[in-house]
>>> print(open('run.txt').read())   # compact mmCIF, C-alpha atoms
# COMPACT_ATOMS: atom_id res chain seq x y z
CA MET V 1 6.59 9.94 -22.18
CA THR V 2 8.05 12.10 -19.42
CA PRO V 3 9.32 10.52 -16.16
CA ALA V 4 6.47 12.21 -14.25
CA LEU V 5 3.86 10.77 -16.62
CA GLN V 6 5.47 7.34 -16.28
CA GLY V 7 5.14 7.67 -12.52
CA HIS V 8 1.45 8.58 -12.80
CA LEU V 9 0.74 5.61 -15.06
CA ALA V 10 2.55 3.28 -12.66
CA MET V 11 0.43 4.49 -9.73
CA LEU V 12 -2.79 4.11 -11.72
CA CYS V 13 -1.95 0.43 -12.19
CA PHE V 14 -0.83 0.24 -8.55
CA SER V 15 -4.21 1.41 -7.22
CA ALA V 16 -6.15 -1.07 -9.36
CA LEU V 17 -4.02 -4.03 -8.26
CA VAL V 18 -3.98 -3.04 -4.58
CA ALA V 19 -7.79 -2.84 -4.49
CA GLY V 20 -8.11 -6.55 -5.13
CA SER V 21 -6.16 -7.38 -1.98
CA PHE V 22 -8.83 -5.68 0.17
CA SER V 23 -11.75 -7.68 -1.24
CA LEU V 24 -9.90 -11.00 -1.41
CA GLY V 25 -8.08 -10.32 1.85
CA SER V 26 -11.31 -9.84 3.78
CA LEU V 27 -12.42 -13.31 2.63
CA ALA V 28 -9.18 -14.99 3.73
CA ALA V 29 -8.15 -12.92 6.77
CA ASN V 30 -9.92 -15.12 9.33
CA GLU V 31 -8.67 -18.37 7.80
CA ILE V 32 -4.92 -17.89 8.42
CA GLU V 33 -2.69 -15.80 10.68
CA PRO V 34 -1.46 -12.58 8.99
CA ALA V 35 2.21 -13.27 9.76
CA ALA V 36 2.11 -16.73 8.16
CA LEU V 37 0.20 -15.50 5.10
CA ASN V 38 2.54 -12.60 4.51
CA ALA V 39 5.73 -14.57 5.10
CA ALA V 40 4.62 -16.90 2.28
CA ARG V 41 3.54 -13.89 0.23
CA PHE V 42 6.95 -12.18 0.47
CA ALA V 43 8.76 -15.43 -0.33
CA ILE V 44 6.68 -16.10 -3.45
CA ALA V 45 6.95 -12.48 -4.58
CA ALA V 46 10.74 -12.59 -4.08
CA CYS V 47 10.93 -15.66 -6.32
CA VAL V 48 8.92 -13.91 -9.04
CA ILE V 49 10.96 -10.70 -8.90
CA GLY V 50 14.19 -12.70 -8.53
CA ALA V 51 13.47 -14.52 -11.78
CA VAL V 52 12.92 -11.17 -13.52
CA VAL V 53 16.12 -9.71 -12.09
CA PHE V 54 18.33 -12.63 -13.09
CA ALA V 55 16.72 -12.79 -16.53
CA THR V 56 17.63 -9.16 -17.13
CA GLY V 57 21.25 -9.05 -16.01
CA GLY V 58 21.26 -10.07 -12.36
CA VAL V 59 22.11 -8.08 -9.25
CA PRO V 60 25.01 -5.63 -9.67
CA ARG V 61 27.67 -5.66 -6.97
CA SER V 62 26.86 -2.06 -6.07
CA ALA V 63 23.32 -3.08 -5.03
CA LEU V 64 24.78 -5.24 -2.25
CA ALA V 65 26.21 -2.22 -0.44
CA ALA V 66 24.56 -1.25 2.85
CA PRO V 67 22.14 -4.20 3.13
CA TRP V 68 20.60 -2.57 6.21
CA ARG V 69 18.62 -0.43 3.75
CA TYR V 70 16.63 -3.45 2.61
CA LEU V 71 16.02 -4.60 6.17
CA LEU V 72 14.67 -1.18 7.07
CA LEU V 73 12.40 -0.97 4.02
CA GLY V 74 11.34 -4.61 4.32
CA GLY V 75 10.50 -4.08 7.98
CA PHE V 76 8.21 -1.14 7.27
CA PHE V 77 6.41 -2.86 4.42
CA ALA V 78 6.08 -6.16 6.30
CA THR V 79 4.54 -4.24 9.21
CA TYR V 80 2.07 -2.63 6.83
CA PHE V 81 0.88 -5.91 5.35
CA VAL V 82 0.58 -7.78 8.65
CA LEU V 83 -1.49 -4.98 10.18
CA MET V 84 -3.59 -4.75 7.01
CA PHE V 85 -4.69 -8.37 7.24
CA GLU V 86 -5.15 -8.13 10.98
CA GLY V 87 -7.45 -5.17 10.38
CA LEU V 88 -9.36 -6.96 7.59
CA LYS V 89 -10.51 -9.57 10.10
CA THR V 90 -13.19 -7.09 11.19
CA ALA V 91 -13.04 -4.03 8.87
CA PRO V 92 -15.22 -4.10 5.70
CA PRO V 93 -13.15 -3.88 2.46
CA VAL V 94 -14.45 -0.44 1.38
CA SER V 95 -13.92 0.96 4.88
CA ALA V 96 -10.36 -0.43 5.01
CA ALA V 97 -9.67 1.04 1.57
CA ALA V 98 -10.85 4.40 2.90
CA VAL V 99 -8.33 4.14 5.74
CA PHE V 100 -5.68 3.54 3.07
CA THR V 101 -6.59 6.88 1.50
CA LEU V 102 -5.34 8.65 4.63
CA THR V 103 -1.84 7.56 3.62
CA PRO V 104 -1.16 10.57 1.30
CA VAL V 105 -1.58 12.99 4.21
CA LEU V 106 0.86 10.95 6.26
CA ALA V 107 3.23 10.50 3.30
CA GLY V 108 3.28 14.26 2.74
CA GLY V 109 4.41 14.78 6.33
CA PHE V 110 7.10 12.11 6.16
CA GLY V 111 8.14 13.38 2.73
CA TRP V 112 8.91 16.75 4.33
CA LEU V 113 10.72 15.19 7.30
CA LEU V 114 12.90 12.86 5.22
CA LEU V 115 13.29 14.70 1.91
CA ARG V 116 12.10 18.26 2.65
CA GLN V 117 9.46 17.85 -0.06
CA VAL V 118 7.14 20.85 0.19
CA THR V 119 3.35 20.51 -0.05
CA THR V 120 1.76 23.44 -1.90
CA PRO V 121 -1.42 25.10 -0.50
CA ARG V 122 -3.47 23.59 -3.34
CA MET V 123 -2.02 20.15 -2.67
CA ALA V 124 -2.78 20.56 1.05
CA LEU V 125 -6.40 21.42 0.21
CA ALA V 126 -6.69 18.36 -2.01
CA LEU V 127 -5.27 16.14 0.73
CA ALA V 128 -7.73 17.63 3.22
CA ILE V 129 -10.67 16.95 0.88
CA GLY V 130 -9.48 13.39 0.34
CA ALA V 131 -9.08 12.83 4.08
CA THR V 132 -12.59 14.18 4.69
CA GLY V 133 -14.03 11.75 2.15
CA ALA V 134 -12.04 8.91 3.70
CA LEU V 135 -13.31 9.67 7.21
CA TRP V 136 -16.88 9.86 5.89
CA VAL V 137 -16.54 6.33 4.49
CA ILE V 138 -14.70 4.99 7.56
CA PHE V 139 -17.56 6.10 9.81
CA ARG V 140 -20.15 4.67 7.34
CA ALA V 141 -21.64 8.14 6.69
CA ASP V 142 -22.87 8.16 10.32
CA ILE V 143 -22.50 11.66 11.80
CA ALA V 144 -23.21 10.38 15.31
CA ALA V 145 -20.42 7.82 15.01
CA LEU V 146 -18.10 10.49 13.61
CA MET V 147 -18.83 12.89 16.46
CA ALA V 148 -18.27 10.11 19.00
CA PHE V 149 -15.20 8.96 17.04
CA ALA V 150 -16.64 5.44 17.13
CA VAL V 151 -14.18 3.88 14.74
CA GLY V 152 -13.91 0.10 14.37
CA ARG V 153 -11.05 -1.92 15.86
CA GLY V 154 -10.00 -3.21 12.45
CA GLU V 155 -9.77 0.30 11.03
CA VAL V 156 -7.58 1.42 13.96
CA ILE V 157 -5.21 -1.52 13.53
CA TYR V 158 -4.92 -0.89 9.81
CA PHE V 159 -4.32 2.83 10.33
CA PHE V 160 -1.08 2.04 12.15
CA GLY V 161 -0.11 -0.13 9.20
CA CYS V 162 -0.73 2.83 6.90
CA ILE V 163 1.69 4.90 8.98
CA ALA V 164 4.37 2.31 8.18
CA HIS V 165 3.43 2.51 4.48
CA ALA V 166 3.65 6.33 4.55
CA VAL V 167 7.18 6.18 5.99
CA TYR V 168 8.21 3.62 3.39
CA THR V 169 7.33 5.77 0.38
CA PRO V 170 9.79 8.69 0.87
CA LEU V 171 12.31 6.31 2.44
CA VAL V 172 12.63 4.52 -0.92
CA ARG V 173 13.96 7.67 -2.55
CA ARG V 174 16.13 8.49 0.46
CA LEU V 175 17.85 5.08 0.53
CA ASN V 176 18.05 4.27 -3.18
CA ARG V 177 21.60 4.61 -4.53
CA GLY V 178 20.87 4.22 -8.20
CA GLU V 179 19.57 0.64 -8.15
CA SER V 180 16.82 -0.20 -10.62
CA ALA V 181 13.28 -0.60 -9.31
CA VAL V 182 13.27 -4.40 -9.72
CA VAL V 183 16.66 -4.91 -8.02
CA PHE V 184 15.71 -2.63 -5.15
CA THR V 185 12.37 -4.43 -4.87
CA LEU V 186 14.09 -7.82 -4.72
CA GLY V 187 16.26 -6.68 -1.83
CA THR V 188 13.21 -5.34 0.01
CA LEU V 189 11.21 -8.53 -0.56
CA LEU V 190 14.02 -10.82 0.59
CA ALA V 191 14.53 -8.75 3.73
CA GLY V 192 10.78 -8.67 4.40
CA ALA V 193 10.52 -12.45 3.93
CA LEU V 194 13.39 -12.99 6.37
CA LEU V 195 11.92 -10.70 9.01
CA LEU V 196 8.42 -12.19 8.68
CA THR V 197 9.76 -15.75 8.85
CA VAL V 198 11.54 -14.97 12.11
CA TYR V 199 8.58 -13.05 13.53
CA GLY V 200 5.90 -15.51 12.39
CA TRP V 201 7.81 -18.77 12.76
CA GLY V 202 5.31 -20.10 15.30
CA ASP V 203 2.36 -19.26 13.05
CA LEU V 204 4.09 -20.77 10.02
CA ARG V 205 4.64 -24.08 11.84
CA ALA V 206 1.13 -24.14 13.30
CA THR V 207 -0.65 -23.50 9.97
CA GLN V 208 -2.23 -26.58 8.41
CA TRP V 209 -1.30 -25.58 4.87
CA ALA V 210 -2.88 -28.60 3.14
CA ALA V 211 -6.21 -27.99 4.91
CA LEU V 212 -6.54 -24.30 4.04
CA PRO V 213 -9.67 -23.27 2.09
CA GLY V 214 -9.27 -22.50 -1.59
CA ILE V 215 -9.91 -18.77 -1.06
CA VAL V 216 -6.70 -18.57 1.01
CA TRP V 217 -4.62 -19.98 -1.83
CA ILE V 218 -6.33 -17.72 -4.38
CA THR V 219 -5.67 -14.73 -2.14
CA LEU V 220 -2.07 -15.78 -1.48
CA ILE V 221 -1.22 -16.11 -5.17
CA TYR V 222 -2.95 -12.84 -6.02
CA ILE V 223 -1.31 -10.80 -3.26
CA ALA V 224 2.09 -12.37 -3.92
CA VAL V 225 2.15 -11.80 -7.68
CA CYS V 226 -0.24 -8.92 -8.34
CA ALA V 227 -0.39 -7.04 -5.03
CA SER V 228 3.24 -7.59 -4.01
CA ALA V 229 5.68 -8.32 -6.82
CA ALA V 230 3.97 -6.03 -9.34
CA THR V 231 2.97 -3.25 -6.94
CA PHE V 232 6.38 -3.20 -5.22
CA VAL V 233 7.98 -2.45 -8.57
CA LEU V 234 5.31 0.09 -9.51
CA LEU V 235 5.57 1.89 -6.16
CA GLN V 236 9.35 2.08 -6.20
CA PHE V 237 9.32 3.08 -9.89
CA ALA V 238 6.88 5.93 -9.15
CA SER V 239 8.63 6.95 -5.91
CA LEU V 240 11.77 7.73 -7.91
CA ARG V 241 9.81 10.00 -10.29
CA LEU V 242 7.17 11.75 -8.16
CA PRO V 243 7.00 13.47 -4.75
CA ALA V 244 5.81 11.18 -1.94
CA ALA V 245 2.44 12.93 -1.53
CA LYS V 246 1.64 12.59 -5.25
CA VAL V 247 2.69 8.94 -5.29
CA MET V 248 0.31 8.14 -2.49
CA ALA V 249 -2.42 10.38 -3.93
CA TYR V 250 -3.36 7.50 -6.19
CA THR V 251 -4.54 5.60 -3.13
CA TYR V 252 -7.61 7.86 -3.42
CA LEU V 253 -8.74 5.65 -6.30
CA THR V 254 -8.56 2.50 -4.16
CA PRO V 255 -12.09 2.69 -2.64
CA THR V 256 -13.53 3.09 -6.14
CA TRP V 257 -11.63 0.05 -7.40
CA VAL V 258 -12.69 -1.90 -4.28
CA ILE V 259 -16.35 -1.12 -4.97
CA GLY V 260 -15.81 -2.59 -8.43
CA TRP V 261 -14.23 -5.70 -6.91
CA GLU V 262 -17.09 -6.06 -4.40
CA MET V 263 -19.65 -5.83 -7.20
CA ALA V 264 -17.75 -8.45 -9.21
CA LEU V 265 -17.72 -10.76 -6.18
CA GLY V 266 -21.46 -10.29 -5.69
CA ASN V 267 -21.22 -8.29 -2.47
CA GLY V 268 -23.38 -5.37 -3.62
CA VAL V 269 -22.75 -1.61 -3.65
CA PRO V 270 -22.42 0.71 -0.62
CA GLY V 271 -25.18 3.23 0.10
CA ALA V 272 -25.40 6.59 -1.64
CA LEU V 273 -24.05 8.50 1.37
CA VAL V 274 -20.96 6.30 1.53
CA LEU V 275 -20.46 6.72 -2.22
CA ALA V 276 -20.47 10.50 -1.65
CA GLY V 277 -17.38 10.08 0.52
CA VAL V 278 -15.72 7.98 -2.17
CA ALA V 279 -16.50 10.75 -4.68
CA LEU V 280 -14.61 13.24 -2.51
CA THR V 281 -11.50 11.06 -2.69
CA ILE V 282 -11.71 11.14 -6.50
CA VAL V 283 -12.05 14.95 -6.42
CA ALA V 284 -8.89 15.06 -4.30
CA LEU V 285 -7.00 12.96 -6.85
CA LEU V 286 -8.07 15.21 -9.73
CA MET V 287 -6.99 18.29 -7.78
CA LEU V 288 -3.57 16.79 -7.16
CA LEU V 289 -3.14 15.90 -10.82
CA ARG V 290 -4.14 19.43 -11.83
CA ASP V 291 -1.66 20.79 -9.31
CA GLU V 292 1.03 18.64 -10.95
CA ASP V 293 0.15 20.07 -14.38
CA ARG V 294 0.34 23.67 -13.12
CA ALA V 295 3.73 22.97 -11.53
CA ARG V 296 5.26 22.02 -14.89
>>> encode(input="run.txt", output="structure tokens")
Amino acid sequence: MTPALQGHLAMLCFSALVAGSFSLGSLAANEIEPAALNAARFAIAACVIGAVVFATGGVPRSALAAPWRYLLLGGFFATYFVLMFEGLKTAPPVSAAAVFTLTPVLAGGFGWLLLRQVTTPRMALALAIGATGALWVIFRADIAALMAFAVGRGEVIYFFGCIAHAVYTPLVRRLNRGESAVVFTLGTLLAGALLLTVYGWGDLRATQWAALPGIVWITLIYIAVCASAATFVLLQFASLRLPAAKVMAYTYLTPTWVIGWEMALGNGVPGALVLAGVALTIVALLMLLRDEDRAR
């Protein structure tokens, strides 16, 4: 299996795991402050990844060089997650997932700024189609709302989080100095946990942890193990093998996965017009994959 194909497979798994955090997150977002939830999430994820790292040889001395790299990466990813859960307080899961699909456009821009990665005309067209589908879903297939740019508060908050995510993706490749994906992930998680603990200390102390509803604990374990520890490794693994825009192109599958999660949780299926927007995001993904094949 080629490195590029490995990267694609990693991002396929990434999109499926990330989707669950939207559906579960929307159920827990109003039960606990985002900073407290994510501080615990990063700490648990760091323990999981730390166990893997030390079971497979530990942290090499070279990985300890320039620790500011982990603080920078951890800061961007912590910002993304806090704003995601703040946005999910009011944004529906499918709509929030559609906002997430705007990330490839942003990642392509930051990929050029940080790494001079060039977006081909075909790739640009695919990103434009995906963004169109995302906007259609975000505005609930309501042309009047689109023309008035009547976007929800939760979607706006989450969009700024997606900017942080888009910066993070090419920054991984820029700052990595040969560390393995799991070691680099551990450093990022520890830094993120530290920053979130400092930032959310008041929320952490004020949270009545023993009185939290069960859905919060289910969500916390899921996002810590599946949507943090696993996806951190998958994202960094793929970022070292694919251009930033192609890595984030797999976010176009997220609304589709979220619809599956919503159906499994008994929340029904969006209307046909909204599903048409989701279909456009899938078309964009297929175009990007075809562009990758032609580039070989």
>>> closest_residue(input="run.txt", among="V:Leu212, V:Ala144, V:Ala16, V:Leu9", to="Ile259 (chain V)", atoms="all atoms listed in the file")
V:Ala16
>>> closest_residue(input="run.txt", among="V:Phe237, V:Trp136, V:Phe54, V:Trp257", to="Thr185 (chain V)", atoms="all atoms listed in the file")
V:Phe237
>>> closest_residue(input="run.txt", among="V:Leu189, V:Leu196, V:Val183, V:Val99", to="Phe159 (chain V)", atoms="all atoms listed in the file")
V:Val99
>>> residues_around(input="run.txt", residues="Leu88 (chain V)", least_positions_apart="6", cutoff="8 Å", atoms="all atoms listed in the file", output="short mmCIF file (atom, residue, chain, number, x, y, z; two decimals) with C-alpha atoms, in the frame of the given file")
data_model
loop_
_atom_site.label_atom_id
_atom_site.label_comp_id
_atom_site.auth_asym_id
_atom_site.auth_seq_id
_atom_site.Cartn_x
_atom_site.Cartn_y
_atom_site.Cartn_z
CA PHE V 22 -8.83 -5.68 0.17
CA GLY V 25 -8.08 -10.32 1.85
CA SER V 26 -11.31 -9.84 3.78
CA ALA V 29 -8.15 -12.92 6.77
CA ALA V 96 -10.36 -0.43 5.01
CA GLY V 154 -10.00 -3.21 12.45
CA TYR V 158 -4.92 -0.89 9.81
#
>>> residues_around(input="run.txt", residues="Arg61 (chain V)", least_positions_apart="4", cutoff="12 Å", atoms="all atoms listed in the file", output="PDB file with C-alpha atoms, in the coordinates of the input")
ATOM      1  CA  GLY V  57      21.250  -9.050 -16.010  1.00  0.00           C
ATOM      2  CA  ALA V  65      26.210  -2.220  -0.440  1.00  0.00           C
ATOM      3  CA  ALA V  66      24.560  -1.250   2.850  1.00  0.00           C
ATOM      4  CA  PRO V  67      22.140  -4.200   3.130  1.00  0.00           C
ATOM      5  CA  GLU V 179      19.570   0.640  -8.150  1.00  0.00           C
ATOM      6  CA  VAL V 183      16.660  -4.910  -8.020  1.00  0.00           C
TER       7      VAL V 183
END
>>> atom_distance(input="run.txt", atom1="CA of Pro60 (chain V)", atom2="CA of Pro243 (chain V)")
26.7 Å
>>> closest_residue(input="run.txt", among="V:Ala264, V:Ala36, V:Val182, V:Leu285", to="Val233 (chain V)", atoms="all atoms listed in the file")
V:Val182
>>> residues_around(input="run.txt", residues="Arg153 (chain V)", least_positions_apart="5", cutoff="12 Å", atoms="all atoms listed in the file", output="MDAnalysis selection string")
chainID V and resid 83:84 86:92 95:96 138:139 158:160
>>> atom_distance(input="run.txt", atom1="CA of Met1 (chain V)", atom2="CA of Leu240 (chain V)")
15.3 Å
>>> atom_distance(input="run.txt", atom1="CA of Asp203 (chain V)", atom2="CA of Thr103 (chain V)")
28.7 Å
>>> closest_residue(input="run.txt", among="V:Thr188, V:Asn176, V:Gln208, V:Ser228", to="Leu71 (chain V)", atoms="all atoms listed in the file")
V:Thr188
>>> residues_around(input="run.txt", residues="Ala39 (chain V)", least_positions_apart="2", cutoff="7 Å", atoms="only C-alpha atoms", output="PDB file with C-alpha atoms, in the coordinates of the input")
ATOM      1  CA  ALA V  35       2.210 -13.270   9.760  1.00  0.00           C
ATOM      2  CA  ALA V  36       2.110 -16.730   8.160  1.00  0.00           C
ATOM      3  CA  LEU V  37       0.200 -15.500   5.100  1.00  0.00           C
ATOM      4  CA  ARG V  41       3.540 -13.890   0.230  1.00  0.00           C
ATOM      5  CA  PHE V  42       6.950 -12.180   0.470  1.00  0.00           C
ATOM      6  CA  ALA V  43       8.760 -15.430  -0.330  1.00  0.00           C
ATOM      7  CA  ALA V 193      10.520 -12.450   3.930  1.00  0.00           C
ATOM      8  CA  LEU V 196       8.420 -12.190   8.680  1.00  0.00           C
ATOM      9  CA  THR V 197       9.760 -15.750   8.850  1.00  0.00           C
TER      10      THR V 197
END
>>> closest_residue(input="run.txt", among="V:Leu17, V:Ser23, V:Ile223, V:Trp209", to="Gly266 (chain V)", atoms="all atoms listed in the file")
V:Ser23
>>> residues_near_point(input="run.txt", point="(-11.1, -10.6, -4.5)", cutoff="10 Å", atoms="only C-alpha atoms", output="list of chain:residue names")
V:Ala19, V:Gly20, V:Ser21, V:Phe22, V:Ser23, V:Leu24, V:Gly25, V:Ser26, V:Leu27, V:Ala28, V:Pro93, V:Ile215, V:Ile218, V:Thr219, V:Tyr222, V:Ile223, V:Val258, V:Trp261, V:Glu262, V:Ala264, V:Leu265
>>> residues_around(input="run.txt", residues="region 281-283 of chain V", least_positions_apart="3", cutoff="12 Å", atoms="all atoms listed in the file", output="VMD selection string")
chain V and resid 97 to 102 104 123 125 to 137 249 to 257 274 to 278 286 to 290
>>> closest_atom_pairs(input="run.txt", of="region 197-290 of chain V", to="region 45-48 of chain V", cutoff="12 Å", atoms="all atoms listed in the file", output="Markdown table")
| residue | atom | partner | partner_atom | distance |
| --- | --- | --- | --- | --- |
| V:Leu220 | CA | V:Ala45 | CA | 10.1 |
| V:Ile221 | CA | V:Ala45 | CA | 9.0 |
| V:Tyr222 | CA | V:Ala45 | CA | 10.0 |
| V:Ile223 | CA | V:Ala45 | CA | 8.5 |
| V:Ala224 | CA | V:Ala45 | CA | 4.9 |
| V:Val225 | CA | V:Ala45 | CA | 5.8 |
| V:Cys226 | CA | V:Ala45 | CA | 8.9 |
| V:Ala227 | CA | V:Ala45 | CA | 9.1 |
| V:Ser228 | CA | V:Ala45 | CA | 6.2 |
| V:Ala229 | CA | V:Ala45 | CA | 4.9 |
| V:Ala230 | CA | V:Ala45 | CA | 8.6 |
| V:Thr231 | CA | V:Ala45 | CA | 10.3 |
| V:Phe232 | CA | V:Ala45 | CA | 9.3 |
| V:Val233 | CA | V:Ala45 | CA | 10.8 |
>>> decode(input="run.txt", residues="region 23-54 of chain V", atoms="C-alpha atoms", output="JSON list (two decimals), in the first residue's frame")
[["chain", "number", "residue", "atom", "x", "y", "z"],
["V", 23, "SER", "CA", -24.42, 13.83, 17.26],
["V", 24, "LEU", "CA", -23.28, 12.97, 20.78],
["V", 25, "GLY", "CA", -21.85, 16.44, 21.34],
["V", 26, "SER", "CA", -25.17, 18.13, 20.58],
["V", 27, "LEU", "CA", -26.78, 16.01, 23.32],
["V", 28, "ALA", "CA", -24.15, 16.93, 25.92],
["V", 29, "ALA", "CA", -23.18, 20.49, 24.92],
["V", 30, "ASN", "CA", -25.71, 22.20, 27.19],
["V", 31, "GLU", "CA", -24.94, 19.99, 30.19],
["V", 32, "ILE", "CA", -21.30, 21.06, 30.76],
["V", 33, "GLU", "CA", -19.05, 23.99, 29.84],
["V", 34, "PRO", "CA", -16.96, 23.31, 26.69],
["V", 35, "ALA", "CA", -13.66, 24.20, 28.38],
["V", 36, "ALA", "CA", -14.22, 21.75, 31.25],
["V", 37, "LEU", "CA", -15.38, 18.96, 28.92],
["V", 38, "ASN", "CA", -12.43, 19.37, 26.59],
["V", 39, "ALA", "CA", -9.83, 19.71, 29.34],
["V", 40, "ALA", "CA", -10.97, 16.29, 30.61],
["V", 41, "ARG", "CA", -11.10, 15.01, 27.04],
["V", 42, "PHE", "CA", -7.49, 16.00, 26.28],
["V", 43, "ALA", "CA", -6.27, 14.54, 29.58],
["V", 44, "ILE", "CA", -7.96, 11.18, 28.99],
["V", 45, "ALA", "CA", -6.80, 11.07, 25.38],
["V", 46, "ALA", "CA", -3.23, 11.87, 26.48],
["V", 47, "CYS", "CA", -3.33, 8.92, 28.90],
["V", 48, "VAL", "CA", -4.52, 6.59, 26.14],
["V", 49, "ILE", "CA", -1.92, 7.75, 23.62],
["V", 50, "GLY", "CA", 0.75, 7.88, 26.34],
["V", 51, "ALA", "CA", 0.15, 4.21, 27.13],
["V", 52, "VAL", "CA", 0.56, 3.36, 23.43],
["V", 53, "VAL", "CA", 3.74, 5.42, 23.14],
["V", 54, "PHE", "CA", 5.44, 3.89, 26.18]]
